[in-house]
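The file my_file.cif comes next; it holds mmCIF, C-alpha atoms.
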data_start
#
loop_
_atom_site.label_atom_id
_atom_site.label_comp_id
_atom_site.auth_asym_id
_atom_site.auth_seq_id
_atom_site.Cartn_x
_atom_site.Cartn_y
_atom_site.Cartn_z
CA MET A 1 -11.11 -17.46 -26.31
CA LYS A 2 -9.17 -19.13 -23.52
CA VAL A 3 -6.71 -16.90 -21.66
CA GLY A 4 -3.26 -18.48 -21.35
CA ARG A 5 -1.12 -18.35 -18.21
CA ASN A 6 1.33 -15.95 -19.87
CA ASP A 7 -1.32 -13.78 -21.54
CA PRO A 8 -2.27 -10.39 -20.08
CA CYS A 9 -4.85 -10.83 -17.32
CA PRO A 10 -8.33 -9.90 -18.61
CA CYS A 11 -8.94 -7.84 -15.45
CA GLY A 12 -6.81 -5.10 -16.96
CA SER A 13 -4.07 -5.04 -14.33
CA GLY A 14 -1.34 -5.30 -16.97
CA LYS A 15 0.13 -8.41 -15.34
CA LYS A 16 0.36 -11.91 -16.73
CA HIS A 17 -2.72 -14.00 -15.98
CA LYS A 18 -0.64 -16.46 -13.92
CA HIS A 19 0.50 -13.61 -11.66
CA CYS A 20 -2.96 -12.15 -11.18
CA CYS A 21 -6.45 -13.66 -11.25
CA ILE A 22 -5.90 -17.18 -12.58
CA ASN A 23 -6.58 -19.04 -9.33
CA ALA A 24 -9.62 -17.01 -8.33
CA THR A 25 -10.97 -17.08 -11.89
CA SER A 26 -10.59 -20.84 -12.25
CA LYS A 27 -12.30 -21.47 -8.94
CA LEU A 28 -15.15 -19.07 -9.72
CA HIS A 29 -15.70 -20.52 -13.19
CA GLY A 30 -15.74 -24.04 -11.80
CA GLU A 31 -18.42 -23.12 -9.28
CA VAL A 32 -20.52 -21.36 -11.93
CA PHE A 33 -20.25 -24.28 -14.35
CA ASP A 34 -21.42 -26.64 -11.59
CA ASP A 35 -24.44 -24.41 -10.96
CA ILE A 36 -25.27 -24.26 -14.67
CA ALA A 37 -24.92 -28.02 -15.04
CA GLN A 38 -27.36 -28.52 -12.18
CA THR A 39 -29.82 -26.09 -13.79
CA VAL A 40 -29.56 -27.89 -17.16
CA ALA A 41 -30.12 -31.25 -15.50
CA MET A 42 -33.31 -29.93 -13.97
CA ASN A 43 -34.40 -28.07 -17.13
CA PRO A 44 -33.15 -30.04 -20.17
CA ASN A 45 -35.23 -28.10 -22.69
CA LEU A 46 -33.64 -24.67 -22.15
CA THR A 47 -32.75 -22.78 -25.34
CA LEU A 48 -29.28 -21.37 -25.99
CA ASP A 49 -30.48 -17.84 -25.16
CA GLU A 50 -32.00 -19.08 -21.93
CA LEU A 51 -28.74 -20.86 -21.04
CA ASN A 52 -26.78 -17.66 -21.65
CA LEU A 53 -29.16 -15.78 -19.37
CA VAL A 54 -28.77 -18.43 -16.67
CA ALA A 55 -24.97 -18.20 -17.00
CA GLN A 56 -25.05 -14.42 -16.62
CA GLN A 57 -27.28 -14.65 -13.57
CA LYS A 58 -25.14 -17.32 -11.92
CA MET A 59 -21.96 -15.34 -12.56
CA ALA A 60 -23.53 -12.19 -11.12
CA GLU A 61 -24.67 -14.12 -8.04
CA ARG A 62 -21.18 -15.50 -7.47
CA ASN A 63 -19.52 -12.13 -8.02
CA ASN A 64 -21.73 -10.55 -5.37
CA ARG A 65 -21.56 -13.35 -2.81
CA PRO A 66 -19.19 -12.88 0.16
CA SER A 67 -16.13 -15.11 -0.13
CA ALA A 68 -14.42 -16.73 2.84
CA ASP A 69 -11.13 -16.61 0.92
CA PHE A 70 -11.52 -12.82 0.74
CA CYS A 71 -12.39 -12.50 4.46
CA GLY A 72 -16.02 -11.79 3.60
CA LEU A 73 -15.53 -9.47 0.63
CA THR A 74 -17.36 -10.25 -2.60
CA PRO A 75 -15.35 -10.78 -5.81
CA THR A 76 -16.89 -7.56 -7.12
CA GLN A 77 -15.70 -5.59 -4.10
CA MET A 78 -12.25 -7.15 -4.27
CA ALA A 79 -11.93 -6.31 -7.97
CA ASN A 80 -12.72 -2.68 -7.16
CA TRP A 81 -10.06 -2.53 -4.46
CA LEU A 82 -7.45 -4.13 -6.68
CA TYR A 83 -7.99 -2.29 -9.94
CA ALA A 84 -10.17 0.82 -9.54
CA PRO A 85 -8.54 4.27 -9.68
CA PHE A 86 -7.87 5.89 -6.30
CA ARG A 87 -10.87 8.22 -6.65
CA ASP A 88 -13.28 5.39 -7.57
CA LEU A 89 -12.75 3.08 -4.59
CA VAL A 90 -15.95 1.62 -3.12
CA GLY A 91 -16.48 0.60 0.50
CA VAL A 92 -13.97 3.05 1.91
CA SER A 93 -13.74 6.81 2.22
CA VAL A 94 -10.31 8.44 2.20
CA ASN A 95 -10.22 11.69 4.17
CA THR A 96 -7.69 14.42 4.90
CA PRO A 97 -7.25 14.62 8.69
CA ASP A 98 -7.51 18.01 10.36
CA ASP A 99 -4.16 17.41 12.04
CA VAL A 100 -1.30 15.68 10.20
CA SER A 101 1.44 16.62 12.66
CA THR A 102 1.88 12.99 13.76
CA SER A 103 2.84 11.92 10.21
CA PRO A 104 6.59 11.86 9.56
CA VAL A 105 6.02 12.21 5.81
CA MET A 106 3.83 15.30 6.16
CA ARG A 107 6.13 16.92 8.73
CA TYR A 108 9.16 16.37 6.51
CA LEU A 109 7.24 17.73 3.54
CA LYS A 110 6.41 20.87 5.51
CA LEU A 111 10.11 21.42 6.21
CA ILE A 112 10.86 21.15 2.49
CA VAL A 113 8.02 23.46 1.44
CA ASP A 114 8.78 26.04 4.15
CA GLU A 115 12.45 26.13 3.12
CA ALA A 116 11.46 26.87 -0.47
CA MET A 117 8.84 29.43 0.48
CA GLN A 118 11.33 31.30 2.66
CA GLN A 119 13.72 31.60 -0.29
CA ASP A 120 11.34 32.88 -2.95
CA GLY A 121 10.27 29.44 -4.12
CA SER A 122 13.52 27.46 -4.31
CA PHE A 123 16.62 26.40 -2.39
CA LYS A 124 19.98 24.95 -3.31
CA ALA A 125 20.42 21.18 -3.58
CA THR A 126 23.60 19.34 -2.68
CA SER A 127 26.13 18.47 -5.37
CA LYS A 128 24.49 15.00 -5.55
CA GLY A 129 21.04 16.53 -6.06
CA ASN A 130 19.80 15.81 -2.56
CA LEU A 131 18.18 17.91 0.12
CA PRO A 132 20.65 19.99 2.15
CA ALA A 133 22.05 18.58 5.39
CA LYS A 134 20.32 21.37 7.30
CA LEU A 135 16.92 19.90 6.40
CA ALA A 136 18.08 16.40 7.36
CA LYS A 137 19.08 17.76 10.79
CA GLN A 138 15.74 19.51 11.25
CA ALA A 139 13.88 16.37 10.20
CA SER A 140 15.94 14.20 12.57
CA ASP A 141 15.08 16.51 15.45
CA LEU A 142 11.38 15.72 14.94
CA LEU A 143 11.75 12.03 15.85
CA PRO A 144 10.76 12.41 19.54
CA GLU A 145 7.40 13.81 18.42
CA PHE A 146 6.42 10.67 16.48
CA ALA A 147 4.75 7.59 17.94
CA VAL A 148 7.47 5.36 16.49
CA SER A 149 9.95 6.91 18.96
CA GLN A 150 8.04 5.30 21.83
CA GLN A 151 9.25 1.83 20.87
CA HIS A 152 11.44 0.33 23.55
CA THR A 153 14.27 -0.22 21.11
CA ASN A 154 16.74 1.80 19.11
CA ILE A 155 15.16 3.27 16.00
CA SER A 156 17.25 2.64 12.91
CA ILE A 157 19.27 5.74 12.15
CA SER A 158 18.54 5.25 8.46
CA GLU A 159 14.76 5.31 8.78
CA PHE A 160 13.64 8.32 10.85
CA ALA A 161 16.94 10.15 11.39
CA GLY A 162 20.19 10.73 9.50
CA ILE A 163 22.97 13.18 8.81
CA ASN A 164 21.95 13.60 5.17
CA GLU A 165 19.30 12.45 2.75
CA ASP A 166 21.35 9.44 1.61
CA LYS A 167 21.27 8.07 5.16
CA PHE A 168 17.67 9.02 5.95
CA ASN A 169 15.13 6.76 4.24
CA ALA A 170 11.92 8.41 5.43
CA LEU A 171 13.14 11.85 4.34
CA HIS A 172 14.31 10.54 0.96
CA TYR A 173 10.96 8.77 0.53
CA THR A 174 9.16 12.04 1.26
CA ARG A 175 11.23 13.98 -1.27
CA ILE A 176 10.59 11.37 -3.97
CA LEU A 177 6.83 11.47 -3.30
CA ALA A 178 6.86 15.27 -3.43
CA GLU A 179 8.46 15.12 -6.87
CA ILE A 180 6.10 12.40 -8.12
CA SER A 181 3.15 14.44 -6.83
CA GLY A 182 4.27 17.51 -8.77
CA ILE A 183 4.85 19.63 -5.66
CA ILE A 184 8.58 20.20 -6.13
CA TYR A 185 11.12 19.67 -8.89
CA LEU A 186 14.89 19.80 -9.23
CA ARG A 187 16.35 22.11 -11.88
CA SER A 188 19.75 23.78 -12.28
CA GLY A 189 20.94 22.55 -8.90
CA ARG A 190 17.95 23.91 -6.97
CA PHE A 191 14.72 22.46 -5.60
CA HIS A 192 11.74 24.52 -6.73
CA ILE A 193 8.18 24.45 -5.45
CA LYS A 194 5.67 24.86 -8.25
CA LYS A 195 3.63 28.07 -8.37
CA ALA A 196 0.35 26.18 -8.10
CA ALA A 197 1.66 24.31 -5.05
CA GLN A 198 2.68 27.59 -3.43
CA LYS A 199 -0.85 28.93 -3.81
CA ARG A 200 -2.39 25.75 -2.44
CA TYR A 201 -0.05 25.82 0.55
CA GLN A 202 -0.85 29.46 1.29
CA ASN A 203 -4.59 28.80 1.12
CA GLN A 204 -4.89 25.36 2.71
CA GLY A 205 -1.67 24.61 4.54
CA ILE A 206 0.24 21.34 4.38
CA GLN A 207 -3.06 19.37 4.38
CA ALA A 208 -3.47 20.41 0.74
CA PHE A 209 -0.82 17.86 -0.21
CA PHE A 210 -1.99 14.95 1.94
CA LYS A 211 -4.11 13.16 -0.67
CA PRO A 212 -1.81 13.86 -3.64
CA MET A 213 1.14 12.48 -1.67
CA LEU A 214 -0.86 9.48 -0.47
CA GLU A 215 -2.10 8.67 -3.96
CA ALA A 216 1.46 8.89 -5.29
CA ALA A 217 2.67 6.51 -2.57
CA ILE A 218 -0.05 4.00 -3.43
CA THR A 219 -0.24 4.18 -7.21
CA ARG A 220 3.06 5.48 -8.57
CA TYR A 221 5.89 4.93 -6.09
CA ASN A 222 7.93 1.72 -6.46
CA TRP A 223 7.56 -0.10 -3.13
CA ALA A 224 10.69 -2.16 -3.79
CA TYR A 225 12.86 0.96 -4.15
CA LEU A 226 14.35 1.05 -0.64
CA ASP A 227 15.01 -2.66 -0.11
CA SER A 228 17.30 -5.29 -1.55
CA PHE A 229 14.88 -8.19 -1.93
CA GLU A 230 15.39 -10.03 -5.20
CA TYR A 231 11.74 -10.93 -5.65
CA ASP A 232 9.64 -9.03 -8.18
CA VAL A 233 6.42 -9.25 -6.18
CA GLU A 234 3.96 -6.38 -6.63
CA LEU A 235 2.35 -5.88 -3.22
CA ARG A 236 1.11 -2.39 -4.00
CA THR A 237 -1.94 -3.81 -5.82
CA PHE A 238 -3.20 -5.30 -2.53
CA TRP A 239 -2.63 -2.25 -0.32
CA LEU A 240 -6.27 -1.56 0.54
CA PHE A 241 -7.11 -5.18 1.35
CA MET A 242 -4.04 -5.36 3.61
CA LEU A 243 -4.93 -2.06 5.26
CA TRP A 244 -8.50 -3.22 5.89
CA ARG A 245 -7.36 -6.47 7.44
CA LEU A 246 -4.65 -4.91 9.61
CA GLN A 247 -7.00 -2.20 10.86
CA SER A 248 -9.57 -4.86 11.80
CA HIS A 249 -7.28 -7.01 13.96
CA GLY A 250 -3.81 -5.43 14.26
CA SER A 251 -2.05 -8.80 14.04
CA VAL A 252 0.93 -9.06 11.70
CA GLU A 253 0.74 -12.86 11.60
CA GLN A 254 -2.98 -12.82 10.83
CA LEU A 255 -2.38 -10.27 8.07
CA ILE A 256 0.10 -12.61 6.39
CA GLU A 257 -2.39 -15.47 6.61
CA ASP A 258 -5.18 -13.30 5.19
CA VAL A 259 -3.05 -12.26 2.21
CA ALA A 260 -1.78 -15.79 1.52
CA LYS A 261 -5.33 -17.15 1.59
CA ALA A 262 -6.78 -14.45 -0.65
CA PHE A 263 -3.87 -14.37 -3.11
CA PRO A 264 -2.12 -17.78 -3.01
CA ASP A 265 -0.26 -17.09 -6.24
CA LEU A 266 1.97 -14.67 -4.34
CA LEU A 267 3.55 -17.66 -2.61
CA HIS A 268 4.29 -19.25 -5.99
CA GLN A 269 6.38 -16.20 -6.89
CA LEU A 270 8.67 -16.74 -3.89
CA THR A 271 11.31 -19.47 -3.89
CA PRO A 272 11.85 -21.08 -0.48
CA ASP A 273 15.32 -22.06 0.68
CA GLU A 274 16.92 -23.71 3.69
CA HIS A 275 16.38 -20.55 5.75
CA PHE A 276 12.94 -19.26 4.79
CA SER A 277 9.70 -20.81 3.59
CA SER A 278 7.53 -19.02 1.02
CA ILE A 279 5.18 -17.76 3.73
CA ARG A 280 8.08 -16.33 5.74
CA LEU A 281 9.46 -14.62 2.64
CA LEU A 282 6.03 -13.12 1.99
CA SER A 283 5.96 -11.91 5.57
CA LEU A 284 9.35 -10.22 5.20
CA LEU A 285 8.16 -8.40 2.08
CA ILE A 286 4.88 -7.26 3.62
CA GLU A 287 6.54 -6.09 6.82
CA SER A 288 9.29 -4.21 5.02
CA ARG A 289 7.37 -2.66 2.13
CA PHE A 290 3.88 -2.25 3.53
CA ILE A 291 4.13 -1.92 7.30
CA GLU A 292 7.54 -0.41 7.98
CA ARG A 293 8.07 1.70 4.86
CA PHE A 294 4.55 2.76 4.07
CA LEU A 295 2.34 2.70 7.14
CA GLN A 296 5.08 3.72 9.60
CA PHE A 297 6.55 6.42 7.36
CA TRP A 298 3.07 7.92 7.15
CA GLY A 299 2.41 7.57 10.88
CA PHE A 300 -0.54 5.22 10.40
CA VAL A 301 0.81 2.41 12.62
CA VAL A 302 3.66 1.60 14.95
CA ALA A 303 4.98 -1.89 14.32
CA ASP A 304 6.22 -4.25 17.00
CA PRO A 305 10.02 -4.06 16.59
CA ARG A 306 10.52 -7.79 17.15
CA LYS A 307 11.36 -9.49 13.86
CA ILE A 308 9.77 -12.67 12.59
CA PHE A 309 13.17 -14.30 12.16
CA ALA A 310 14.03 -13.94 15.87
CA GLU A 311 14.92 -17.23 17.53
CA GLU A 312 11.96 -17.04 19.91
CA HIS A 313 8.63 -16.66 18.13
CA VAL A 314 6.38 -14.00 19.58
CA PRO A 315 3.04 -12.83 18.22
CA ARG A 316 3.62 -9.48 16.55
CA ARG A 317 1.17 -6.64 16.39
CA ALA A 318 0.90 -3.26 14.74
CA SER A 319 -0.45 -0.48 16.91
CA ILE A 320 -3.11 1.37 14.93
CA GLN A 321 -2.65 5.14 15.25
CA PRO A 322 -5.48 7.73 15.25
CA LEU A 323 -4.19 9.12 11.95
CA LEU A 324 -5.11 5.84 10.23
CA THR A 325 -8.69 5.77 11.47
CA HIS A 326 -9.09 9.48 10.68
CA THR A 327 -7.90 8.89 7.13
CA PHE A 328 -9.60 5.62 6.17
CA HIS A 329 -13.21 4.82 7.04
CA PHE A 330 -14.41 1.44 5.82
CA THR A 331 -18.09 0.89 5.09
CA ILE A 332 -18.01 -2.82 4.29
CA ASP A 333 -21.07 -4.67 5.61
CA GLY A 334 -20.28 -6.29 8.94
CA TYR A 335 -17.27 -4.05 9.68
#

Would it be possible to restate this file's structure as structure tokens?
Amino acid sequence: MKVGRNDPCPCGSGKKHKHCCINATSKLHGEVFDDIAQTVAMNPNLTLDELNLVAQQKMAERNNRPSADFCGLTPTQMANWLYAPFRDLVGVSVNTPDDVSTSPVMRYLKLIVDEAMQQDGSFKATSKGNLPAKLAKQASDLLPEFAVSQQHTNISISEFAGINEDKFNALHYTRILAEISGIIYLRSGRFHIKKAAQKRYQNQGIQAFFKPMLEAAITRYNWAYLDSFEYDVELRTFWLFMLWRLQSHGSVEQLIEDVAKAFPDLLHQLTPDEHFSSIRLLSLLIESRFIERFLQFWGFVVADPRKIFAEEHVPRRASIQPLLTHTFHFTIDGY
């Protein structure tokens, strides 16, 4: 049965077909049909069963053939990166680094956990249900220890420093991830650390929460939460492809081109105006949601502070930090 543009995508992503695999699927099917037609022309007496076998073989060949559109990945590999559970990813190993002290998220989490542990497993929240200002002050004081502080520009006070959680995005992000991960919870005006989390922390230290927090950030956290963009574009699905490309070349502009080439339907979800083209809107989303408020919050990269909408265009790069290479090891052929 033919899949309509507004039907659920057969890949299982839960999205409409037009917002997922329609372009890649149509192209792949067209190539396979051409191959089958050539085979039939050369072998006109094939039975229906033989034709079905030929079709299966041709589809398998195409699925396992490196694609230039995917920067050398095969469709099979790309499907794994887009839709496989975190623990079933192929072509990359995700490791817990021995030292996570360069990660803002993990350092902020340690402050939260230590505060609870020092008060028999819980501490008082503010009247708004936020972390106390004391923790915000302690977290702000850590900024000079992070690589992002070495930028020759003023760091936004709302990203890596603030007088309270409302004005401190990286700290708020960390608290949300800790709740999603099941490490802490808010009840009766107090933040509690779960008993199981206490035991894990005592036995393994803050590293015990690295992978649970990372998985929550990638699979469960809403990447659009901290911005005001009106576009409902789900970039989270493509996180591993983007990470792989950025780690390979470090160029922000090249990353945008790689994503636009591999997933052209993303551009169709963005409406250009007199100020920004679709590709520039995509760049704004990727820089804000993926680079600045995922990779930088975790301490994986330090982004060039110059914005793409500056009057003078300058090539922008993201400085890959040791924490990224210690965490993600790609085993894709040729890389």

Please expand the PyMOL selection byres ((chain A and resi 254) around 12) into the concrete residues it hits in this file, giving the result as a PyMOL selection string. chain A and resi 71+242+245-253+255-261+279+283+315-318

Please produce a file of the residues just selected, as a compact mmCIF listing (two decimals), keeping the file's coordinate frame, where the atoms kept are C-alpha atoms.
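New file out.txt:
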# COMPACT_ATOMS: atom_id res chain seq x y z
CA CYS A 71 -12.39 -12.50 4.46
CA MET A 242 -4.04 -5.36 3.61
CA ARG A 245 -7.36 -6.47 7.44
CA LEU A 246 -4.65 -4.91 9.61
CA GLN A 247 -7.00 -2.20 10.86
CA SER A 248 -9.57 -4.86 11.80
CA HIS A 249 -7.28 -7.01 13.96
CA GLY A 250 -3.81 -5.43 14.26
CA SER A 251 -2.05 -8.80 14.04
CA VAL A 252 0.93 -9.06 11.70
CA GLU A 253 0.74 -12.86 11.60
CA LEU A 255 -2.38 -10.27 8.07
CA ILE A 256 0.10 -12.61 6.39
CA GLU A 257 -2.39 -15.47 6.61
CA ASP A 258 -5.18 -13.30 5.19
CA VAL A 259 -3.05 -12.26 2.21
CA ALA A 260 -1.78 -15.79 1.52
CA LYS A 261 -5.33 -17.15 1.59
CA ILE A 279 5.18 -17.76 3.73
CA SER A 283 5.96 -11.91 5.57
CA PRO A 315 3.04 -12.83 18.22
CA ARG A 316 3.62 -9.48 16.55
CA ARG A 317 1.17 -6.64 16.39
CA ALA A 318 0.90 -3.26 14.74

Between CA of Phe210 (chain A) and CA of Arg293 (chain A), what distance in Å does the model show, to one decimal?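 For CA of Phe210 (chain A) relative to CA of Arg293 (chain A), the distance reads 16.9 Å.
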
So that I can check the surroundings of Ser127 (chain A), please list as a ChimeraX atom specification every protein, DNA and RNA residue that reaches within 10 Å of it, counting only C-alpha atoms and ignoring chain neighbours fewer than 4 positions away. /A:131-132,189-190

Mind pulling up the distance from CA of Leu281 (chain A) to CA of Thr325 (chain A)?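 It comes out at 28.7 Å.
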
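For the file shown, the residue list from the PyMOL selection byres ((chain A and resi 213-224) around 7) reads A:Phe86, A:Leu177, A:Ala178, A:Ile180, A:Ser181, A:Phe209, A:Phe210, A:Lys211, A:Pro212, A:Tyr225, A:Leu226, A:Asp227, A:Arg236, A:Arg289.
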
Could you check how far CA of Gly205 (chain A) sits from CA of Leu109 (chain A), in Å to one decimal? 11.3 Å

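If you measure from each of A:Val148, A:Leu235, A:Leu143, A:Val100 to Ile286 (chain A) using all atoms listed in the file, the closest one turns out to be A:Leu235.
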